[in-house]
$ cat start02.pdb   # PDB, C-alpha atoms (C1' of nucleotides)
MODEL        1
ATOM      1  CA  MET A   1       0.000   0.000   0.000
ATOM      2  CA  LYS A   2       1.828   2.952  -1.332
ATOM      3  CA  LEU A   3       1.026   6.609  -1.431
ATOM      4  CA  SER A   4       1.320   7.837  -5.002
ATOM      5  CA  HIS A   5       3.568  10.722  -5.942
ATOM      6  CA  LYS A   6       0.560  12.309  -7.494
ATOM      7  CA  LEU A   7      -1.241  12.397  -4.172
ATOM      8  CA  GLU A   8       1.771  13.833  -2.449
ATOM      9  CA  TYR A   9       2.069  16.484  -5.138
ATOM     10  CA  ALA A  10      -1.603  17.325  -4.780
ATOM     11  CA  CYS A  11      -1.249  17.765  -1.027
ATOM     12  CA  ARG A  12       1.819  19.923  -1.448
ATOM     13  CA  VAL A  13       0.408  22.190  -4.092
ATOM     14  CA  LEU A  14      -2.812  22.655  -2.163
ATOM     15  CA  ALA A  15      -0.853  23.503   0.945
ATOM     16  CA  GLN A  16       1.003  26.073  -1.065
ATOM     17  CA  LEU A  17      -2.219  27.554  -2.398
ATOM     18  CA  GLY A  18      -3.591  27.465   1.108
ATOM     19  CA  ARG A  19      -0.813  29.670   2.368
ATOM     20  CA  SER A  20      -1.674  32.411  -0.073
ATOM     21  CA  HIS A  21      -5.386  32.021   0.397
ATOM     22  CA  GLY A  22      -7.146  35.375   0.599
ATOM     23  CA  GLN A  23      -4.571  37.179  -1.485
ATOM     24  CA  GLU A  24      -5.504  39.174  -4.567
ATOM     25  CA  LYS A  25      -3.146  37.645  -7.055
ATOM     26  CA  MET A  26      -3.643  34.140  -8.298
ATOM     27  CA  ALA A  27      -0.758  31.721  -8.266
ATOM     28  CA  HIS A  28       0.947  30.718 -11.490
ATOM     29  CA  ILE A  29       1.645  27.164 -12.337
ATOM     30  CA  ASP A  30       5.345  27.798 -12.759
ATOM     31  CA  THR A  31       5.573  29.487  -9.397
ATOM     32  CA  LEU A  32       3.797  26.574  -7.761
ATOM     33  CA  ALA A  33       5.941  24.028  -9.545
ATOM     34  CA  GLU A  34       9.029  25.882  -8.455
ATOM     35  CA  ALA A  35       7.984  26.263  -4.835
ATOM     36  CA  GLU A  36       7.020  22.635  -4.428
ATOM     37  CA  LYS A  37       9.569  21.088  -6.767
ATOM     38  CA  ILE A  38       6.977  19.400  -8.903
ATOM     39  CA  PRO A  39       7.481  18.872 -12.647
ATOM     40  CA  ALA A  40       5.384  21.667 -14.156
ATOM     41  CA  ASN A  41       4.019  19.557 -16.968
ATOM     42  CA  TYR A  42       2.786  16.986 -14.543
ATOM     43  CA  LEU A  43       1.409  19.568 -12.176
ATOM     44  CA  VAL A  44      -0.801  20.828 -14.972
ATOM     45  CA  GLN A  45      -2.728  17.593 -14.932
ATOM     46  CA  ILE A  46      -3.005  17.474 -11.203
ATOM     47  CA  LEU A  47      -4.337  21.005 -10.947
ATOM     48  CA  ASN A  48      -6.847  20.069 -13.588
ATOM     49  CA  GLU A  49      -8.170  17.215 -11.534
ATOM     50  CA  LEU A  50      -8.343  19.371  -8.444
ATOM     51  CA  ARG A  51     -10.312  21.949 -10.359
ATOM     52  CA  ASN A  52     -12.706  19.343 -11.702
ATOM     53  CA  ALA A  53     -13.210  18.207  -8.151
ATOM     54  CA  GLY A  54     -14.153  21.751  -7.183
ATOM     55  CA  MET A  55     -11.268  22.375  -4.828
ATOM     56  CA  ILE A  56      -9.565  25.110  -6.760
ATOM     57  CA  SER A  57     -10.587  27.692  -9.309
ATOM     58  CA  SER A  58      -8.565  28.994 -12.177
ATOM     59  CA  LYS A  59      -8.496  31.845 -14.602
ATOM     60  CA  ARG A  60      -6.837  32.061 -17.980
ATOM     61  CA  GLY A  61      -4.952  34.839 -19.630
ATOM     62  CA  LYS A  62      -3.036  37.656 -18.104
ATOM     63  CA  GLN A  63      -3.670  37.955 -14.383
ATOM     64  CA  GLY A  64      -4.731  34.344 -14.528
ATOM     65  CA  GLY A  65      -3.688  31.545 -12.226
ATOM     66  CA  TYR A  66      -4.983  29.244  -9.539
ATOM     67  CA  ALA A  67      -6.569  29.739  -6.144
ATOM     68  CA  LEU A  68      -8.444  27.671  -3.608
ATOM     69  CA  SER A  69     -12.156  27.837  -4.101
ATOM     70  CA  ARG A  70     -12.871  27.187  -0.427
ATOM     71  CA  ARG A  71     -11.252  27.946   2.889
ATOM     72  CA  PRO A  72      -8.462  25.523   3.805
ATOM     73  CA  ASP A  73     -10.402  24.222   6.781
ATOM     74  CA  GLN A  74     -13.226  23.299   4.425
ATOM     75  CA  ILE A  75     -11.112  21.026   2.278
ATOM     76  CA  ARG A  76     -10.854  17.559   3.739
ATOM     77  CA  LEU A  77      -7.995  15.200   3.136
ATOM     78  CA  ASP A  78     -10.241  12.418   1.934
ATOM     79  CA  GLU A  79     -11.513  14.694  -0.818
ATOM     80  CA  ILE A  80      -7.993  15.304  -1.988
ATOM     81  CA  VAL A  81      -7.294  11.609  -2.118
ATOM     82  CA  ARG A  82     -10.417  10.899  -4.072
ATOM     83  CA  ALA A  83      -9.805  13.741  -6.493
ATOM     84  CA  VAL A  84      -6.463  12.445  -7.666
ATOM     85  CA  ASP A  85      -6.335   8.796  -6.669
ATOM     86  CA  GLY A  86      -9.832   7.404  -6.675
ATOM     87  CA  GLU A  87     -11.073   5.375  -3.768
ATOM     88  CA  LEU A  88      -9.262   5.630  -0.489
ATOM     89  CA  LEU A  89      -8.560   1.972   0.054
ATOM     90  CA  GLU A  90      -9.386   0.252  -3.163
ATOM     91  CA  LEU A  91     -10.133  -3.321  -2.459
ATOM     92  CA  ASN A  92      -9.239  -4.991  -5.600
ATOM     93  CA  LEU A  93     -10.917  -7.934  -4.096
ATOM     94  CA  GLU A  94     -11.868 -10.964  -6.056
ATOM     95  CA  ASN A  95     -13.941 -12.193  -3.196
ATOM     96  CA  ASP A  96     -13.445 -15.695  -4.504
ATOM     97  CA  GLY A  97     -12.404 -19.002  -3.057
ATOM     98  CA  ALA A  98     -13.387 -20.404   0.290
ATOM     99  CA  SER A  99     -12.079 -17.479   2.323
ATOM    100  CA  GLY A 100     -12.806 -14.675  -0.109
ATOM    101  CA  PRO A 101     -15.961 -13.345   1.492
ATOM    102  CA  ARG A 102     -14.568 -13.206   4.986
ATOM    103  CA  VAL A 103     -11.300 -11.599   3.943
ATOM    104  CA  ALA A 104     -13.211  -9.018   1.939
ATOM    105  CA  GLU A 105     -15.331  -8.268   4.977
ATOM    106  CA  VAL A 106     -12.360  -7.580   7.184
ATOM    107  CA  TRP A 107     -10.585  -5.356   4.702
ATOM    108  CA  THR A 108     -13.731  -3.452   3.952
ATOM    109  CA  LYS A 109     -13.998  -2.648   7.618
ATOM    110  CA  ILE A 110     -10.394  -1.516   7.739
ATOM    111  CA  GLY A 111     -11.016   0.694   4.739
ATOM    112  CA  ALA A 112     -14.027   2.229   6.410
ATOM    113  CA  ASN A 113     -12.030   3.023   9.515
ATOM    114  CA  LEU A 114      -9.250   4.560   7.490
ATOM    115  CA  GLU A 115     -11.733   6.746   5.724
ATOM    116  CA  LYS A 116     -13.236   7.836   9.000
ATOM    117  CA  GLU A 117      -9.816   8.890  10.220
ATOM    118  CA  ILE A 118      -8.738  10.707   7.107
ATOM    119  CA  LYS A 119     -11.926  12.722   7.057
ATOM    120  CA  HIS A 120     -10.741  14.420  10.241
ATOM    121  CA  TYR A 121      -7.823  16.070   8.537
ATOM    122  CA  THR A 122      -8.235  19.193   6.485
ATOM    123  CA  LEU A 123      -5.940  21.266   4.368
ATOM    124  CA  ASP A 124      -5.326  23.378   7.439
ATOM    125  CA  ASP A 125      -3.466  20.462   8.942
ATOM    126  CA  LEU A 126      -1.198  20.399   5.922
ATOM    127  CA  ILE A 127      -0.375  24.042   6.300
ATOM    128  CA  ALA A 128       0.193  24.324  10.011
ATOM    129  CA  ASP A 129       3.752  24.619  11.191
ATOM    130  CA  ASP A 130       3.515  22.562  14.321
ATOM    131  CA  ALA A 131       1.754  19.324  15.053
ATOM    132  CA  ALA A 132      -0.174  20.693  18.009
ATOM    133  CA  GLN A 133      -3.366  21.359  16.160
ATOM    134  CA  MET A 134      -3.479  18.029  14.408
ATOM    135  CA  TYR A 135      -6.355  15.776  15.144
ATOM    136  CA  TYR A 136      -5.428  12.592  16.949
ATOM    137  CA  ILE A 137      -7.700   9.641  16.789
TER     138      ILE A 137
ATOM    139  CA  MET B   1      -4.075   3.098  -2.369
ATOM    140  CA  LYS B   2      -4.891  -0.346  -3.573
ATOM    141  CA  LEU B   3      -4.831  -3.676  -1.873
ATOM    142  CA  SER B   4      -2.736  -5.992  -4.001
ATOM    143  CA  HIS B   5      -4.038  -9.318  -5.179
ATOM    144  CA  LYS B   6      -1.003 -10.822  -3.604
ATOM    145  CA  LEU B   7      -2.046  -9.609  -0.185
ATOM    146  CA  GLU B   8      -5.559 -10.841  -0.685
ATOM    147  CA  TYR B   9      -4.228 -14.213  -1.776
ATOM    148  CA  ALA B  10      -1.978 -14.375   1.253
ATOM    149  CA  CYS B  11      -4.885 -13.653   3.569
ATOM    150  CA  ARG B  12      -7.027 -16.263   1.886
ATOM    151  CA  VAL B  13      -4.467 -19.010   1.851
ATOM    152  CA  LEU B  14      -3.582 -18.384   5.472
ATOM    153  CA  ALA B  15      -7.247 -18.484   6.406
ATOM    154  CA  GLN B  16      -7.477 -21.805   4.632
ATOM    155  CA  LEU B  17      -4.442 -23.144   6.474
ATOM    156  CA  GLY B  18      -5.900 -21.778   9.666
ATOM    157  CA  ARG B  19      -9.025 -23.838   9.272
ATOM    158  CA  SER B  20      -7.051 -27.064   9.146
ATOM    159  CA  HIS B  21      -4.686 -26.008  11.904
ATOM    160  CA  GLY B  22      -4.018 -28.841  14.310
ATOM    161  CA  GLN B  23      -4.601 -31.564  11.774
ATOM    162  CA  GLU B  24      -2.052 -34.244  11.041
ATOM    163  CA  LYS B  25      -1.804 -33.931   7.301
ATOM    164  CA  MET B  26      -0.166 -30.974   5.703
ATOM    165  CA  ALA B  27      -1.932 -29.098   2.953
ATOM    166  CA  HIS B  28      -0.734 -29.396  -0.626
ATOM    167  CA  ILE B  29      -0.214 -26.409  -2.765
ATOM    168  CA  ASP B  30      -2.598 -27.665  -5.415
ATOM    169  CA  THR B  31      -5.312 -28.234  -2.859
ATOM    170  CA  LEU B  32      -4.854 -24.739  -1.491
ATOM    171  CA  ALA B  33      -4.817 -23.221  -4.951
ATOM    172  CA  GLU B  34      -7.992 -25.060  -5.787
ATOM    173  CA  ALA B  35      -9.806 -24.152  -2.592
ATOM    174  CA  GLU B  36      -8.973 -20.489  -2.813
ATOM    175  CA  LYS B  37      -8.961 -20.119  -6.583
ATOM    176  CA  ILE B  38      -5.428 -18.830  -6.715
ATOM    177  CA  PRO B  39      -3.096 -19.582  -9.643
ATOM    178  CA  ALA B  40      -0.912 -22.355  -8.280
ATOM    179  CA  ASN B  41       2.271 -21.038  -9.838
ATOM    180  CA  TYR B  42       1.768 -17.694  -8.225
ATOM    181  CA  LEU B  43       0.770 -19.186  -4.912
ATOM    182  CA  VAL B  44       4.130 -20.902  -4.778
ATOM    183  CA  GLN B  45       5.859 -17.569  -4.423
ATOM    184  CA  ILE B  46       3.450 -16.286  -1.874
ATOM    185  CA  LEU B  47       3.804 -19.335   0.329
ATOM    186  CA  ASN B  48       7.526 -18.912   0.077
ATOM    187  CA  GLU B  49       7.374 -15.407   1.406
ATOM    188  CA  LEU B  50       5.079 -16.449   4.207
ATOM    189  CA  ARG B  51       7.508 -19.192   5.137
ATOM    190  CA  ASN B  52      10.450 -16.819   5.097
ATOM    191  CA  ALA B  53       8.469 -14.564   7.401
ATOM    192  CA  GLY B  54       8.029 -17.476   9.792
ATOM    193  CA  MET B  55       4.280 -17.745   9.533
ATOM    194  CA  ILE B  56       4.074 -21.158   7.951
ATOM    195  CA  SER B  57       6.247 -24.235   7.822
ATOM    196  CA  SER B  58       6.635 -26.626   4.958
ATOM    197  CA  LYS B  59       7.897 -30.080   4.247
ATOM    198  CA  ARG B  60       9.011 -31.628   0.991
ATOM    199  CA  GLY B  61       8.397 -35.015  -0.510
ATOM    200  CA  LYS B  62       5.622 -37.452   0.127
ATOM    201  CA  GLN B  63       3.527 -36.403   3.114
ATOM    202  CA  GLY B  64       4.869 -32.936   2.527
ATOM    203  CA  GLY B  65       2.917 -29.722   2.373
ATOM    204  CA  TYR B  66       2.262 -26.552   4.278
ATOM    205  CA  ALA B  67       0.956 -25.730   7.733
ATOM    206  CA  LEU B  68       0.769 -22.749  10.037
ATOM    207  CA  SER B  69       3.716 -22.535  12.346
ATOM    208  CA  ARG B  70       1.756 -20.673  15.014
ATOM    209  CA  ARG B  71      -1.785 -20.589  16.278
ATOM    210  CA  PRO B  72      -4.077 -18.413  14.184
ATOM    211  CA  ASP B  73      -4.621 -15.988  17.019
ATOM    212  CA  GLN B  74      -0.862 -15.460  17.145
ATOM    213  CA  ILE B  75      -0.578 -14.290  13.568
ATOM    214  CA  ARG B  76      -1.352 -10.607  13.250
ATOM    215  CA  LEU B  77      -2.666  -9.000  10.114
ATOM    216  CA  ASP B  78       0.112  -6.428   9.995
ATOM    217  CA  GLU B  79       2.645  -9.254   9.823
ATOM    218  CA  ILE B  80       0.877 -10.700   6.825
ATOM    219  CA  VAL B  81       0.919  -7.360   5.070
ATOM    220  CA  ARG B  82       4.580  -6.853   5.743
ATOM    221  CA  ALA B  83       5.482 -10.363   4.671
ATOM    222  CA  VAL B  84       4.096 -10.002   1.172
ATOM    223  CA  ASP B  85       3.750  -6.298   0.542
ATOM    224  CA  GLY B  86       6.391  -4.465   2.504
ATOM    225  CA  GLU B  87       5.504  -1.491   4.622
ATOM    226  CA  LEU B  88       1.917  -0.964   5.576
ATOM    227  CA  LEU B  89       1.482   2.542   4.278
ATOM    228  CA  GLU B  90       4.539   3.277   2.269
ATOM    229  CA  LEU B  91       5.144   6.943   1.963
ATOM    230  CA  ASN B  92       6.791   7.225  -1.278
ATOM    231  CA  LEU B  93       7.464  10.690  -0.096
ATOM    232  CA  GLU B  94       9.979  12.967  -1.587
ATOM    233  CA  ASN B  95       9.635  15.288   1.321
ATOM    234  CA  ASP B  96      10.697  18.099  -0.946
ATOM    235  CA  GLY B  97       9.428  21.554  -1.747
ATOM    236  CA  ALA B  98       8.015  24.090   0.656
ATOM    237  CA  SER B  99       5.270  21.840   1.981
ATOM    238  CA  GLY B 100       7.044  18.505   1.778
ATOM    239  CA  PRO B 101       8.010  18.162   5.428
ATOM    240  CA  ARG B 102       4.600  18.986   6.771
ATOM    241  CA  VAL B 103       2.766  16.752   4.329
ATOM    242  CA  ALA B 104       5.111  13.913   5.183
ATOM    243  CA  GLU B 105       4.432  14.464   8.862
ATOM    244  CA  VAL B 106       0.699  14.176   8.441
ATOM    245  CA  TRP B 107       0.839  11.070   6.316
ATOM    246  CA  THR B 108       3.306   9.439   8.623
ATOM    247  CA  LYS B 109       0.855   9.926  11.425
ATOM    248  CA  ILE B 110      -1.953   8.440   9.380
ATOM    249  CA  GLY B 111       0.264   5.474   8.576
ATOM    250  CA  ALA B 112       1.020   4.998  12.257
ATOM    251  CA  ASN B 113      -2.654   4.984  13.119
ATOM    252  CA  LEU B 114      -3.428   2.517  10.393
ATOM    253  CA  GLU B 115      -0.724   0.256  11.683
ATOM    254  CA  LYS B 116      -2.113   0.482  15.171
ATOM    255  CA  GLU B 117      -5.494  -0.593  13.932
ATOM    256  CA  ILE B 118      -4.322  -3.423  11.754
ATOM    257  CA  LYS B 119      -2.284  -4.883  14.576
ATOM    258  CA  HIS B 120      -5.528  -5.657  16.369
ATOM    259  CA  TYR B 121      -6.628  -8.156  13.779
ATOM    260  CA  THR B 122      -5.307 -11.665  13.721
ATOM    261  CA  LEU B 123      -5.725 -14.614  11.425
ATOM    262  CA  ASP B 124      -8.563 -15.706  13.663
ATOM    263  CA  ASP B 125     -10.548 -12.748  12.420
ATOM    264  CA  LEU B 126     -10.044 -13.948   8.878
ATOM    265  CA  ILE B 127     -11.350 -17.383   9.732
ATOM    266  CA  ALA B 128     -14.381 -16.558  11.838
ATOM    267  CA  ASP B 129     -17.733 -16.981  10.217
ATOM    268  CA  ASP B 130     -19.497 -14.045  11.741
ATOM    269  CA  ALA B 131     -18.347 -10.538  12.432
ATOM    270  CA  ALA B 132     -19.238 -10.635  16.101
ATOM    271  CA  GLN B 133     -15.763 -11.382  17.324
ATOM    272  CA  MET B 134     -14.043  -8.797  15.206
ATOM    273  CA  TYR B 135     -12.232  -6.021  16.924
ATOM    274  CA  TYR B 136     -13.749  -2.626  16.430
ATOM    275  CA  ILE B 137     -11.657   0.428  16.991
TER     276      ILE B 137
ATOM    277  C1'  DT C   1      -6.962  45.152 -32.146
ATOM    278  C1'  DT C   2      -2.918  43.003 -31.650
ATOM    279  C1'  DT C   3      -0.033  40.513 -28.705
ATOM    280  C1'  DA C   4       1.811  38.108 -25.081
ATOM    281  C1'  DA C   5       0.617  35.811 -20.887
ATOM    282  C1'  DA C   6      -1.553  32.650 -18.841
ATOM    283  C1'  DG C   7      -4.492  28.189 -18.296
ATOM    284  C1'  DT C   8      -6.728  23.821 -21.123
ATOM    285  C1'  DT C   9      -6.733  19.698 -23.438
ATOM    286  C1'  DT C  10      -5.117  15.705 -25.458
ATOM    287  C1'  DA C  11      -1.806  12.581 -27.014
ATOM    288  C1'  DC C  12       2.377  10.288 -26.443
ATOM    289  C1'  DT C  13       6.506   8.110 -24.069
ATOM    290  C1'  DT C  14       8.988   6.103 -20.469
ATOM    291  C1'  DT C  15       9.422   3.672 -16.363
ATOM    292  C1'  DT C  16       8.021   0.682 -12.853
ATOM    293  C1'  DA C  17       5.283  -2.701 -10.488
ATOM    294  C1'  DT C  18       2.030  -6.320 -10.630
ATOM    295  C1'  DA C  19       0.637 -10.642 -11.727
ATOM    296  C1'  DC C  20       1.670 -14.162 -13.515
ATOM    297  C1'  DT C  21       4.394 -18.568 -16.132
ATOM    298  C1'  DC C  22       7.896 -21.912 -16.471
ATOM    299  C1'  DA C  23      11.437 -25.168 -15.638
ATOM    300  C1'  DA C  24      15.311 -27.230 -13.488
ATOM    301  C1'  DG C  25      16.734 -28.590  -8.794
ATOM    302  C1'  DA C  26      16.561 -30.656  -4.058
ATOM    303  C1'  DG C  27      14.658 -33.191  -0.220
ATOM    304  C1'  DC C  28      11.646 -36.924   1.533
ATOM    305  C1'  DC C  29       9.195 -41.264   1.928
ATOM    306  C1'  DT C  30       8.062 -45.912   0.525
TER     307       DT C  30
ATOM    308  C1'  DA D   1      15.172 -46.288  -7.039
ATOM    309  C1'  DG D   2      11.479 -43.432  -8.099
ATOM    310  C1'  DG D   3       7.886 -40.556  -7.765
ATOM    311  C1'  DC D   4       5.904 -36.977  -4.988
ATOM    312  C1'  DT D   5       6.229 -32.430  -3.218
ATOM    313  C1'  DC D   6       8.327 -28.257  -2.097
ATOM    314  C1'  DT D   7      12.321 -24.741  -3.671
ATOM    315  C1'  DT D   8      14.506 -21.469  -6.316
ATOM    316  C1'  DG D   9      15.344 -18.347  -9.805
ATOM    317  C1'  DA D  10      14.524 -16.585 -14.160
ATOM    318  C1'  DG D  11      11.493 -14.850 -17.554
ATOM    319  C1'  DT D  12       7.210 -12.478 -19.630
ATOM    320  C1'  DA D  13       3.033  -9.744 -20.273
ATOM    321  C1'  DT D  14       0.034  -6.303 -18.983
ATOM    322  C1'  DA D  15      -1.247  -2.223 -16.837
ATOM    323  C1'  DA D  16      -0.690   1.773 -14.182
ATOM    324  C1'  DA D  17       2.122   5.651 -12.727
ATOM    325  C1'  DA D  18       4.965   9.360 -13.882
ATOM    326  C1'  DG D  19       6.501  12.471 -16.878
ATOM    327  C1'  DT D  20       6.880  15.089 -21.611
ATOM    328  C1'  DA D  21       5.159  17.827 -25.255
ATOM    329  C1'  DA D  22       2.554  20.727 -28.086
ATOM    330  C1'  DA D  23      -1.380  22.742 -30.200
ATOM    331  C1'  DC D  24      -5.376  25.380 -28.540
ATOM    332  C1'  DT D  25      -8.274  28.858 -25.939
ATOM    333  C1'  DT D  26      -9.065  32.701 -23.100
ATOM    334  C1'  DT D  27      -7.835  37.151 -21.011
ATOM    335  C1'  DA D  28      -5.890  41.643 -20.143
ATOM    336  C1'  DA D  29      -3.126  45.227 -21.286
ATOM    337  C1'  DA D  30      -0.403  47.804 -24.646
TER     338       DA D  30
ENDMDL
END
$ encode --input "start02.pdb" --output "structure tokens"
Amino acid sequence: MKLSHKLEYACRVLAQLGRSHGQEKMAHIDTLAEAEKIPANYLVQILNELRNAGMISSKRGKQGGYALSRRPDQIRLDEIVRAVDGELLELNLENDGASGPRVAEVWTKIGANLEKEIKHYTLDDLIADDAAQMYYI
Amino acid sequence: MKLSHKLEYACRVLAQLGRSHGQEKMAHIDTLAEAEKIPANYLVQILNELRNAGMISSKRGKQGGYALSRRPDQIRLDEIVRAVDGELLELNLENDGASGPRVAEVWTKIGANLEKEIKHYTLDDLIADDAAQMYYI
DNA sequence: TTTAAAGTTTACTTTTATACTCAAGAGCCT
DNA sequence: AGGCTCTTGAGTATAAAAGTAAACTTTAAA
């Protein structure tokens, strides 16, 4: 069970956008790519998915750029995961063989618990400088 | 974040071995493959990894086969994951860019919590027929 | 109204991991 | 001895992730 780079990039770029939330100027893709050391051409796609998921807004042309479309504390971590990576814990399960059903049951429960935990984190937690305000289960 | 087939297979085959735990005869790979609908040639590798991790024992030749080397309630789910899939929640993290450190911190914490939860499950939970005896966090 | 600065979209390539398949070898029992 | 069963290591195919590239559209300011 690996975290994808894409998800990490998404978290990082959103954190970056979160820091400048409220400012007039929108952030440029090249600035974001630079600040977070993400390949710009790849970042393009990620920002696209985040926009389609309604987390950020964008504007073309001069004065264009990206910005959060909601307050950082209104963007939950599980949304981010789903926007770029699909289901949180994708059980690829075949649910076959003698033990299939039972095994599927257990992992489904684990997935549900993971989801419940991840829902508690918001973009604010990814911006904060110290761990104090993080939610502990 | 996807569950691999390999992990599902490992869970299933261990559950199967768990059901015949205590019996005289060892289970044959072909029987296991049949019962759990796992490609026998692939199962070979999985059983190997489980043996190297000390969860099962094996014997060659006539009367040979596989068996659990511990009681089912002594085999934790997190061990199974690690035996076939490596780290539980592998942060592929680059930990780079302005937000890298903080993002890594959050995901590390999530990984730690997941580990804590998964440790509560044992092979017994994968064998049981009803959910009643499952541990709920 | 032209132009340059942005984002948008789509297609392609490369790399890596998963999920297998296969076959020769080694131990064990009768 | 001889067959049964695990052991080991190499090889392959498919798919997904990660990254690259370029033509296209919109916008604002000169």
$ closest_residue --input "start02.pdb" --among "A:Glu94, A:Glu105, A:Asp85, A:Glu117" --to "chain D" --atoms "all atoms listed in the file"
A:Asp85
$ interface_residues --input "start02.pdb" --of "chain A" --to "chain D" --cutoff "12 Å" --atoms "only C-alpha atoms (C1' of nucleotides)" --output "PyMOL selection string"
chain A and resi 2-7+9+38-46+58-65+85
$ closest_atom_pairs --input "start02.pdb" --of "chain C" --to "chain B" --cutoff "12 Å" --atoms "all atoms listed in the file" --output "tab-separated table"
residue	atom	partner	partner_atom	distance
C:DA17	C1'	B:Ser4	CA	10.8
C:DT18	C1'	B:Ser4	CA	8.2
C:DA19	C1'	B:Tyr42	CA	8.0
C:DC20	C1'	B:Tyr42	CA	6.4
C:DT21	C1'	B:Asn41	CA	7.1
C:DC22	C1'	B:Asn41	CA	8.7
C:DA23	C1'	B:Asn41	CA	11.6
C:DA26	C1'	B:Arg60	CA	9.1
C:DG27	C1'	B:Arg60	CA	6.0
C:DC28	C1'	B:Gly61	CA	4.3
C:DC29	C1'	B:Lys62	CA	5.5
C:DT30	C1'	B:Lys62	CA	8.8
$ interface_residues --input "start02.pdb" --of "chain A" --to "chain B" --cutoff "9 Å" --atoms "only C-alpha atoms" --output "ChimeraX atom specification"
/A:1-5,8-9,11-13,15-16,33-38,85-100,102-107,109-110,113-114,117-118,121,125-131,134,136-137
$ write_last_selection --input "start02.pdb" --atoms "C-alpha atoms" --output "CSV table (one decimal), keeping the file's coordinate frame"
chain,number,residue,atom,x,y,z
A,1,MET,CA,0.0,0.0,0.0
A,2,LYS,CA,1.8,3.0,-1.3
A,3,LEU,CA,1.0,6.6,-1.4
A,4,SER,CA,1.3,7.8,-5.0
A,5,HIS,CA,3.6,10.7,-5.9
A,8,GLU,CA,1.8,13.8,-2.4
A,9,TYR,CA,2.1,16.5,-5.1
A,11,CYS,CA,-1.2,17.8,-1.0
A,12,ARG,CA,1.8,19.9,-1.4
A,13,VAL,CA,0.4,22.2,-4.1
A,15,ALA,CA,-0.9,23.5,0.9
A,16,GLN,CA,1.0,26.1,-1.1
A,33,ALA,CA,5.9,24.0,-9.5
A,34,GLU,CA,9.0,25.9,-8.5
A,35,ALA,CA,8.0,26.3,-4.8
A,36,GLU,CA,7.0,22.6,-4.4
A,37,LYS,CA,9.6,21.1,-6.8
A,38,ILE,CA,7.0,19.4,-8.9
A,85,ASP,CA,-6.3,8.8,-6.7
A,86,GLY,CA,-9.8,7.4,-6.7
A,87,GLU,CA,-11.1,5.4,-3.8
A,88,LEU,CA,-9.3,5.6,-0.5
A,89,LEU,CA,-8.6,2.0,0.1
A,90,GLU,CA,-9.4,0.3,-3.2
A,91,LEU,CA,-10.1,-3.3,-2.5
A,92,ASN,CA,-9.2,-5.0,-5.6
A,93,LEU,CA,-10.9,-7.9,-4.1
A,94,GLU,CA,-11.9,-11.0,-6.1
A,95,ASN,CA,-13.9,-12.2,-3.2
A,96,ASP,CA,-13.4,-15.7,-4.5
A,97,GLY,CA,-12.4,-19.0,-3.1
A,98,ALA,CA,-13.4,-20.4,0.3
A,99,SER,CA,-12.1,-17.5,2.3
A,100,GLY,CA,-12.8,-14.7,-0.1
A,102,ARG,CA,-14.6,-13.2,5.0
A,103,VAL,CA,-11.3,-11.6,3.9
A,104,ALA,CA,-13.2,-9.0,1.9
A,105,GLU,CA,-15.3,-8.3,5.0
A,106,VAL,CA,-12.4,-7.6,7.2
A,107,TRP,CA,-10.6,-5.4,4.7
A,109,LYS,CA,-14.0,-2.6,7.6
A,110,ILE,CA,-10.4,-1.5,7.7
A,113,ASN,CA,-12.0,3.0,9.5
A,114,LEU,CA,-9.2,4.6,7.5
A,117,GLU,CA,-9.8,8.9,10.2
A,118,ILE,CA,-8.7,10.7,7.1
A,121,TYR,CA,-7.8,16.1,8.5
A,125,ASP,CA,-3.5,20.5,8.9
A,126,LEU,CA,-1.2,20.4,5.9
A,127,ILE,CA,-0.4,24.0,6.3
A,128,ALA,CA,0.2,24.3,10.0
A,129,ASP,CA,3.8,24.6,11.2
A,130,ASP,CA,3.5,22.6,14.3
A,131,ALA,CA,1.8,19.3,15.1
A,134,MET,CA,-3.5,18.0,14.4
A,136,TYR,CA,-5.4,12.6,16.9
A,137,ILE,CA,-7.7,9.6,16.8
$ atom_distance --input "start02.pdb" --atom1 "CA of Gln74 in chain B" --atom2 "CA of His120 in chain B"
10.9 Å
$ axis_aligned_box --input "start02.pdb" --around "range 37-44 of chain A" --padding-each-side "5 Å" --output "JSON"
{"center_x": 4.4, "center_y": 19.3, "center_z": -11.9, "size_x": 20.4, "size_y": 14.7, "size_z": 20.2}
$ atom_distance --input "start02.pdb" --atom1 "CA of Leu68 in chain A" --atom2 "CA of His21 in chain A"
6.7 Å
$ closest_atom_pairs --input "start02.pdb" --of "range 68-127 of chain A" --to "range 48-54 of chain A" --cutoff "9 Å" --atoms "all atoms listed in the file" --output "CSV"
residue,atom,partner,partner_atom,distance
A:Leu68,CA,A:Gly54,CA,9.0
A:Ser69,CA,A:Gly54,CA,7.1
A:Arg70,CA,A:Gly54,CA,8.8
A:Glu79,CA,A:Ala53,CA,8.3
A:Ile80,CA,A:Leu50,CA,7.6
A:Arg82,CA,A:Ala53,CA,8.8
A:Ala83,CA,A:Ala53,CA,5.9
A:Val84,CA,A:Glu49,CA,6.4
